[in-house]
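**Q** File follows, final.txt with compact mmCIF, C-alpha atoms:
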```txt
# COMPACT_ATOMS: atom_id res chain seq x y z
CA ALA A 1 -15.62 -15.67 -39.56
CA ALA A 2 -17.50 -13.79 -36.83
CA TRP A 3 -15.03 -10.91 -37.12
CA GLN A 4 -16.05 -10.31 -40.74
CA HIS A 5 -19.71 -10.67 -39.83
CA VAL A 6 -19.44 -8.01 -37.10
CA THR A 7 -17.11 -5.52 -38.83
CA GLY A 8 -17.67 -6.17 -42.52
CA PHE A 9 -13.87 -6.32 -43.02
CA GLU A 10 -12.12 -9.42 -44.33
CA VAL A 11 -9.90 -11.10 -41.75
CA GLU A 12 -6.76 -10.80 -43.87
CA ARG A 13 -7.36 -7.11 -44.39
CA SER A 14 -7.80 -6.51 -40.67
CA ARG A 15 -4.85 -8.58 -39.47
CA GLY A 16 -1.89 -6.34 -38.55
CA SER A 17 -3.98 -3.17 -38.20
CA ASN A 18 -4.27 -1.13 -35.01
CA LEU A 19 -7.36 -2.25 -33.12
CA PHE A 20 -7.68 0.97 -31.13
CA SER A 21 -7.81 3.10 -34.29
CA MET A 22 -11.04 1.27 -35.16
CA PHE A 23 -12.75 2.50 -31.98
CA HIS A 24 -14.71 5.74 -31.78
CA PRO A 25 -12.33 8.72 -31.25
CA GLN A 26 -13.99 9.49 -27.89
CA ASP A 27 -13.28 5.93 -26.66
CA GLN A 28 -9.74 5.38 -27.96
CA GLU A 29 -7.75 6.97 -25.12
CA LYS A 30 -9.58 5.11 -22.36
CA GLN A 31 -9.35 1.77 -24.16
CA ARG A 32 -5.62 2.23 -24.73
CA ASP A 33 -5.06 3.17 -21.07
CA ASP A 34 -6.99 0.12 -19.82
CA PHE A 35 -5.11 -2.15 -22.21
CA GLU A 36 -1.69 -0.83 -21.15
CA MET A 37 -2.61 -1.23 -17.47
CA LEU A 38 -3.44 -4.88 -18.17
CA ILE A 39 -0.06 -5.37 -19.87
CA ARG A 40 1.75 -3.83 -16.87
CA GLY A 41 -0.17 -6.07 -14.49
CA GLN A 42 -2.01 -3.12 -12.92
CA LYS A 43 -5.42 -4.29 -14.08
CA GLN A 44 -7.25 -7.61 -14.14
CA ALA A 45 -9.27 -8.99 -17.03
CA TYR A 46 -12.03 -6.51 -17.88
CA ARG A 47 -15.08 -5.82 -20.00
CA ALA A 48 -16.10 -2.52 -21.55
CA PHE A 49 -18.71 -1.18 -23.93
CA THR A 50 -17.33 0.81 -26.85
CA ARG A 51 -18.10 1.70 -30.45
CA LEU A 52 -16.31 0.01 -33.36
CA ARG A 53 -16.02 1.47 -36.85
CA ILE A 54 -17.30 -1.03 -39.41
CA SER A 55 -16.74 -1.31 -43.16
CA ASP A 56 -19.48 1.17 -44.14
CA GLY A 57 -17.87 3.90 -42.00
CA THR A 58 -20.50 3.87 -39.25
CA PHE A 59 -19.93 2.86 -35.63
CA ARG A 60 -21.45 -0.22 -34.04
CA ALA A 61 -21.94 -0.88 -30.31
CA VAL A 62 -19.73 -3.74 -29.13
CA GLU A 63 -18.64 -5.31 -25.87
CA LEU A 64 -14.86 -5.60 -25.57
CA ALA A 65 -13.68 -8.36 -23.21
CA VAL A 66 -9.91 -8.59 -22.56
CA SER A 67 -9.35 -11.77 -20.63
CA MET A 68 -5.69 -12.83 -20.33
CA ILE A 69 -2.08 -12.61 -21.49
CA ARG A 70 -0.40 -15.66 -23.00
CA GLN A 71 2.88 -16.53 -24.75
CA ASP A 72 2.91 -17.90 -28.27
CA GLU A 73 5.32 -20.58 -29.52
CA ASN A 74 8.02 -17.93 -29.95
CA LYS A 75 7.63 -16.69 -26.36
CA ASN A 76 5.96 -13.45 -27.57
CA LEU A 77 3.24 -12.04 -25.33
CA ARG A 78 -0.25 -12.10 -26.78
CA VAL A 79 -3.44 -10.66 -25.34
CA VAL A 80 -6.57 -12.78 -25.72
CA GLY A 81 -9.88 -10.97 -26.06
CA THR A 82 -13.26 -10.93 -27.74
CA ILE A 83 -15.48 -8.37 -29.40
CA THR A 84 -19.20 -9.08 -29.24
CA ASP A 85 -21.81 -7.26 -31.32
CA VAL A 86 -24.32 -5.73 -28.87
CA GLU A 87 -25.92 -3.19 -31.20
CA GLU A 88 -29.33 -4.88 -31.11
CA ARG A 89 -29.14 -5.29 -27.35
CA ARG A 90 -28.14 -1.65 -26.82
CA ARG A 91 -30.93 -0.53 -29.15
CA ALA A 92 -33.40 -2.64 -27.18
CA GLU A 93 -32.07 -1.20 -23.90
CA ARG A 94 -32.48 2.35 -25.20
CA ALA A 95 -36.03 1.57 -26.36
CA LEU A 96 -36.82 0.04 -22.97
CA ALA A 97 -35.38 3.04 -21.14
CA GLU A 98 -37.45 5.39 -23.31
CA ALA A 99 -40.60 3.32 -22.70
CA GLU A 100 -39.95 3.34 -18.94
CA LYS A 101 -39.43 7.10 -19.04
CA LYS A 102 -42.74 7.62 -20.85
CA TYR A 103 -44.53 5.24 -18.46
CA ARG A 104 -43.10 7.05 -15.44
CA THR A 105 -44.18 10.41 -16.87
CA ILE A 106 -47.73 9.09 -17.34
CA VAL A 107 -47.81 7.70 -13.79
CA GLU A 108 -46.34 10.85 -12.23
CA ASN A 109 -48.85 13.11 -13.99
CA ALA A 110 -51.92 10.88 -13.67
CA ALA A 111 -54.91 12.61 -12.06
CA GLY A 112 -55.91 9.47 -10.15
CA GLY A 113 -53.95 7.74 -7.42
CA LEU A 114 -51.82 4.77 -8.54
CA TYR A 115 -50.08 2.39 -6.16
CA GLN A 116 -48.50 -1.01 -5.56
CA LEU A 117 -49.28 -2.68 -2.22
CA THR A 118 -48.09 -5.98 -0.73
CA PRO A 119 -50.62 -8.41 0.77
CA GLU A 120 -49.11 -7.53 4.17
CA GLY A 121 -50.07 -3.88 3.72
CA MET A 122 -46.77 -2.25 2.73
CA TYR A 123 -46.82 0.28 -0.10
CA LEU A 124 -44.11 -0.43 -2.67
CA SER A 125 -44.82 2.64 -4.78
CA ALA A 126 -47.30 5.47 -5.19
CA ASN A 127 -47.69 8.43 -7.51
CA PRO A 128 -48.14 12.07 -6.39
CA ALA A 129 -51.93 11.92 -6.84
CA MET A 130 -52.13 8.93 -4.47
CA ALA A 131 -50.14 10.81 -1.84
CA ARG A 132 -52.42 13.86 -2.16
CA ILE A 133 -55.56 11.73 -1.77
CA LEU A 134 -54.27 10.41 1.56
CA GLY A 135 -53.15 13.86 2.70
CA TYR A 136 -49.39 13.61 2.19
CA SER A 137 -47.11 16.15 0.50
CA ASN A 138 -45.37 13.62 -1.74
CA PRO A 139 -45.05 9.85 -2.33
CA GLU A 140 -41.79 9.60 -0.39
CA GLU A 141 -43.43 11.00 2.76
CA MET A 142 -46.37 8.63 2.33
CA LEU A 143 -44.18 5.54 1.86
CA ARG A 144 -42.15 6.42 4.97
CA ALA A 145 -45.18 7.12 7.15
CA ILE A 146 -47.47 4.19 6.28
CA LYS A 147 -46.00 0.99 7.73
CA ASN A 148 -49.21 -1.03 7.28
CA ALA A 149 -52.18 0.11 5.21
CA SER A 150 -54.44 -2.17 7.25
CA GLY A 151 -55.38 0.09 10.12
CA MET A 152 -53.49 3.20 8.97
CA VAL A 153 -55.38 3.60 5.67
CA TYR A 154 -58.18 1.07 5.91
CA PRO A 155 -59.60 1.54 9.46
CA ASP A 156 -61.55 -1.74 9.70
CA LYS A 157 -58.81 -4.39 9.87
CA GLU A 158 -61.22 -7.35 9.78
CA ALA A 159 -63.06 -5.98 6.77
CA ARG A 160 -59.73 -5.37 5.05
CA LYS A 161 -58.61 -8.93 5.77
CA ALA A 162 -61.82 -10.29 4.23
CA PHE A 163 -61.42 -7.99 1.21
CA THR A 164 -57.82 -9.16 0.66
CA LYS A 165 -58.92 -12.79 0.76
CA THR A 166 -61.65 -12.12 -1.81
CA LEU A 167 -59.25 -10.15 -4.02
CA ILE A 168 -56.70 -12.98 -4.10
CA ALA A 169 -59.45 -15.46 -4.97
CA GLN A 170 -60.95 -13.30 -7.75
CA GLU A 171 -57.59 -11.75 -8.85
CA GLN A 172 -59.22 -8.40 -9.63
CA ILE A 173 -61.94 -6.15 -8.25
CA PHE A 174 -63.27 -3.03 -9.97
CA GLY A 175 -65.32 -0.16 -8.60
CA TYR A 176 -64.85 -1.05 -4.91
CA GLU A 177 -66.05 1.81 -2.68
CA SER A 178 -64.93 2.19 0.91
CA GLN A 179 -63.80 4.71 3.51
CA VAL A 180 -60.11 5.32 4.15
CA LEU A 181 -58.15 7.44 6.62
CA GLN A 182 -56.11 10.45 5.59
CA GLN A 183 -52.91 11.45 7.38
CA ASP A 184 -54.82 13.70 9.82
CA GLY A 185 -57.29 10.92 10.68
CA GLN A 186 -60.15 12.32 8.60
CA LYS A 187 -62.25 9.73 6.77
CA ILE A 188 -62.92 10.08 3.06
CA TRP A 189 -64.73 7.91 0.52
CA VAL A 190 -62.70 6.35 -2.30
CA ARG A 191 -63.32 4.13 -5.31
CA GLU A 192 -60.65 1.55 -6.21
CA ASN A 193 -59.79 -0.75 -9.08
CA ILE A 194 -57.32 -3.45 -7.94
CA ARG A 195 -55.66 -6.48 -9.50
CA VAL A 196 -53.31 -9.17 -8.22
CA VAL A 197 -49.78 -9.40 -9.67
CA LYS A 198 -48.15 -12.86 -9.53
CA ASP A 199 -44.75 -14.29 -10.39
CA GLU A 200 -44.08 -17.18 -12.78
CA GLN A 201 -44.82 -19.68 -10.00
CA GLN A 202 -48.21 -18.02 -9.42
CA ASN A 203 -47.18 -16.63 -6.05
CA VAL A 204 -48.81 -13.30 -5.15
CA MET A 205 -46.19 -10.55 -5.26
CA TYR A 206 -48.30 -7.42 -4.77
CA PHE A 207 -51.56 -5.66 -5.60
CA GLU A 208 -51.65 -2.98 -8.28
CA GLY A 209 -54.44 -0.46 -8.00
CA SER A 210 -55.91 2.96 -8.65
CA MET A 211 -57.75 5.14 -6.16
CA GLU A 212 -60.20 8.00 -6.73
CA ASP A 213 -61.54 10.37 -4.08
CA ILE A 214 -65.36 10.25 -4.36
CA THR A 215 -66.16 12.00 -1.06
CA LYS A 216 -68.04 14.89 -2.70
CA ARG A 217 -70.08 12.51 -4.82
CA LYS A 218 -70.96 10.35 -1.81
CA GLU A 219 -71.92 13.44 0.21
CA ALA A 220 -74.13 14.56 -2.65
CA ASP A 221 -75.69 11.08 -2.80
CA PHE A 222 -76.33 11.12 0.95
CA ALA A 223 -77.80 14.63 0.72
CA LEU A 224 -80.05 13.54 -2.16
CA MET A 225 -81.12 10.46 -0.22
CA GLU A 226 -81.87 12.56 2.87
CA ALA A 227 -83.82 15.05 0.75
CA LYS A 228 -85.81 12.18 -0.77
CA ILE A 229 -86.60 10.81 2.69
CA GLN A 230 -87.72 14.24 3.87
CA SER A 231 -89.78 14.69 0.71
CA ASP A 232 -91.43 11.29 1.18
CA MET A 233 -92.18 12.12 4.81
CA ALA A 234 -93.65 15.50 3.84
CA SER A 235 -95.71 13.91 1.08
CA ARG A 236 -97.00 11.26 3.48
CA ALA A 237 -97.83 13.87 6.12
CA LYS A 238 -99.65 15.93 3.52
CA SER A 239 -101.64 12.91 2.35
CA GLU A 240 -102.57 12.03 5.93
CA PHE A 241 -103.57 15.63 6.65
CA ILE A 242 -105.83 15.81 3.58
CA ALA A 243 -107.32 12.41 4.38
CA ASN A 244 -108.10 13.53 7.96
CA MET A 245 -109.57 16.86 6.78
CA SER A 246 -111.74 15.07 4.25
CA HIS A 247 -112.97 12.64 6.88
CA GLU A 248 -113.82 15.43 9.33
```
Would you mind writing the file out in structure tokens?

**A**
Amino acid sequence: AAWQHVTGFEVERSRGSNLFSMFHPQDQEKQRDDFEMLIRGQKQAYRAFTRLRISDGTFRAVELAVSMIRQDENKNLRVVGTITDVEERRRAERALAEAEKKYRTIVENAAGGLYQLTPEGMYLSANPAMARILGYSNPEEMLRAIKNASGMVYPDKEARKAFTKTLIAQEQIFGYESQVLQQDGQKIWVRENIRVVKDEQQNVMYFEGSMEDITKRKEADFALMEAKIQSDMASRAKSEFIANMSHE
């Protein structure tokens, strides 16, 4: 009954026909060769993905499993096998592969740094922007060089330990600003958004985050703050000078 459901052909109509002629022309030779090797004892039971022509003339993705050789009541050799419809599964796999490709393209071309980091400080992945922020040529070089982000990226180990504890408790932190070390030892200011990723048992697997270099903005803020301090001091000195002149 499943044969008719998969192929659309009635069982009686299919019985006695050549199975291999129902496969896609590009697959027929290989499937015949594998089958003959099994008959000669040169190949063990095997599985293969192929395409089967169905009643409407189109081809459907199937999994062919050839399991064993047996003798019937007349001592004739018979090969036992199954054909499983995997069209929906293959379609889902193609859709997943396409989605992963699009996601990877977005990550690779993102302007901001993206990374995955274990609680122990090991980077699992990073995009090119993340590598550039920390002064590396590419993600591969960065992943090889940084054995532990605590100390190599985040200079204050104790502060990093306290931050990690808080992150695990809160599960996500947005807009966190701190100083990090680049490859050459230079300190820069960054802004991070980080969340905790857990497994089904609620065990922490890694942190997923984004990093933005805000050094220029921080320098501008410091310069503005310094200018304001100088302006306040000048204004106060001016007021004191006028007050003294008026008194005299």

**Q** Fewer than 2 positions away in the same chain doesn't count, so skip those; otherwise give me all residues within 10 Å of segment 216-226 of chain A, counting all atoms listed in the file, as a PyMOL selection string.

**A** chain A and resi 177+188-190+213-214+228-232

**Q** A:Ser55, A:Asn127, A:Thr215, A:Gln186: which is nearest Arg104 of chain A, counting only C-alpha atoms?

**A**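 Selected residue with least distance to Arg104 of chain A: A:Asn127.
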
**Q** Check the smallest atom-to-atom distance from each of A:Trp3, A:Gln182, A:Ala126, A:Ala48 to Gly112 of chain A using only C-alpha atoms, then report the winner.

**A**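 Distance minimum relative to Gly112 of chain A lands on A:Ala126.
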
**Q** Quote the spacing between atom CA of Ile194 of chain A and atom CA of Thr164 of chain A in Å to one decimal place.

**A**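 Calculated distance between atom CA of Ile194 of chain A and atom CA of Thr164 of chain A is 10.3 Å.
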
**Q** One decimal, Å: what's the distance from atom CA of Ser14 of chain A over to atom CA of Gln28 of chain A, could you say?

**A** 17.5 Å

**Q** For segment 34-149 of chain A versus segment 207-210 of chain A, which residues have an atom no more than 8 Å away, and what is each residue's nearest atom pair and distance in Å rounded to one decimal, using only C-alpha atoms, chain-then-number order, as a Markdown table?

**A**
```
| residue | atom | partner | partner_atom | distance |
| --- | --- | --- | --- | --- |
| A:Gly112 | CA | A:Ser210 | CA | 6.7 |
| A:Gly113 | CA | A:Ser210 | CA | 5.3 |
| A:Leu114 | CA | A:Ser210 | CA | 4.5 |
| A:Tyr115 | CA | A:Gly209 | CA | 5.5 |
| A:Gln116 | CA | A:Glu208 | CA | 4.6 |
| A:Leu117 | CA | A:Phe207 | CA | 5.1 |
| A:Thr118 | CA | A:Phe207 | CA | 6.0 |
| A:Pro119 | CA | A:Phe207 | CA | 7.0 |
```

**Q** Keeping only C-alpha atoms, write those residues as a compact mmCIF listing (two decimals), in the frame of the given file.

**A**
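Final file, result_24.txt:
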```txt
# COMPACT_ATOMS: atom_id res chain seq x y z
CA GLY A 112 -55.91 9.47 -10.15
CA GLY A 113 -53.95 7.74 -7.42
CA LEU A 114 -51.82 4.77 -8.54
CA TYR A 115 -50.08 2.39 -6.16
CA GLN A 116 -48.50 -1.01 -5.56
CA LEU A 117 -49.28 -2.68 -2.22
CA THR A 118 -48.09 -5.98 -0.73
CA PRO A 119 -50.62 -8.41 0.77
```

**Q** Quick one: residues within 8 Å of Gln172 of chain A, all atoms listed in the file counted, chain neighbours fewer than 6 positions away excluded, as a PyMOL selection string?

**A** chain A and resi 193-196

**Q** Could you tell me how far atom CA of Met211 of chain A sits from atom CA of Tyr176 of chain A, in Å to one decimal place?

**A** 9.5 Å

**Q** Near Arg53 of chain A, within 6 Å and counting all atoms listed in the file, which residues show up once chain neighbours fewer than 6 positions away are dropped, as a PyMOL selection string?

**A** chain A and resi 22-23+59

**Q** Return the single residue from A:Gly81, A:Phe49, A:Ala2, A:Val107 that is closest to Leu19 of chain A, with distances computed using all atoms listed in the file.

**A**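 Of A:Gly81, A:Phe49, A:Ala2, A:Val107, the one nearest Leu19 of chain A, counting all atoms listed in the file, is A:Gly81.
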
**Q** Measuring atom to atom with all atoms listed in the file, identify which of A:Arg70, A:Lys102, A:Ala97, A:Asn18 is nearest to Ile39 of chain A.

**A**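 Of all the options, A:Arg70 lies closest to Ile39 of chain A.
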
**Q** What box, with edges along x, y and z, holds each listed atom of segment 197-204 of chain A when 5 Å is added on every side, and can you state its centre and edge lengths in Å to one decimal, as lines of an AutoDock Vina configuration file?

**A**
```
center_x = -46.9
center_y = -14.5
center_z = -9.0
size_x = 15.7
size_y = 20.3
size_z = 17.6
```
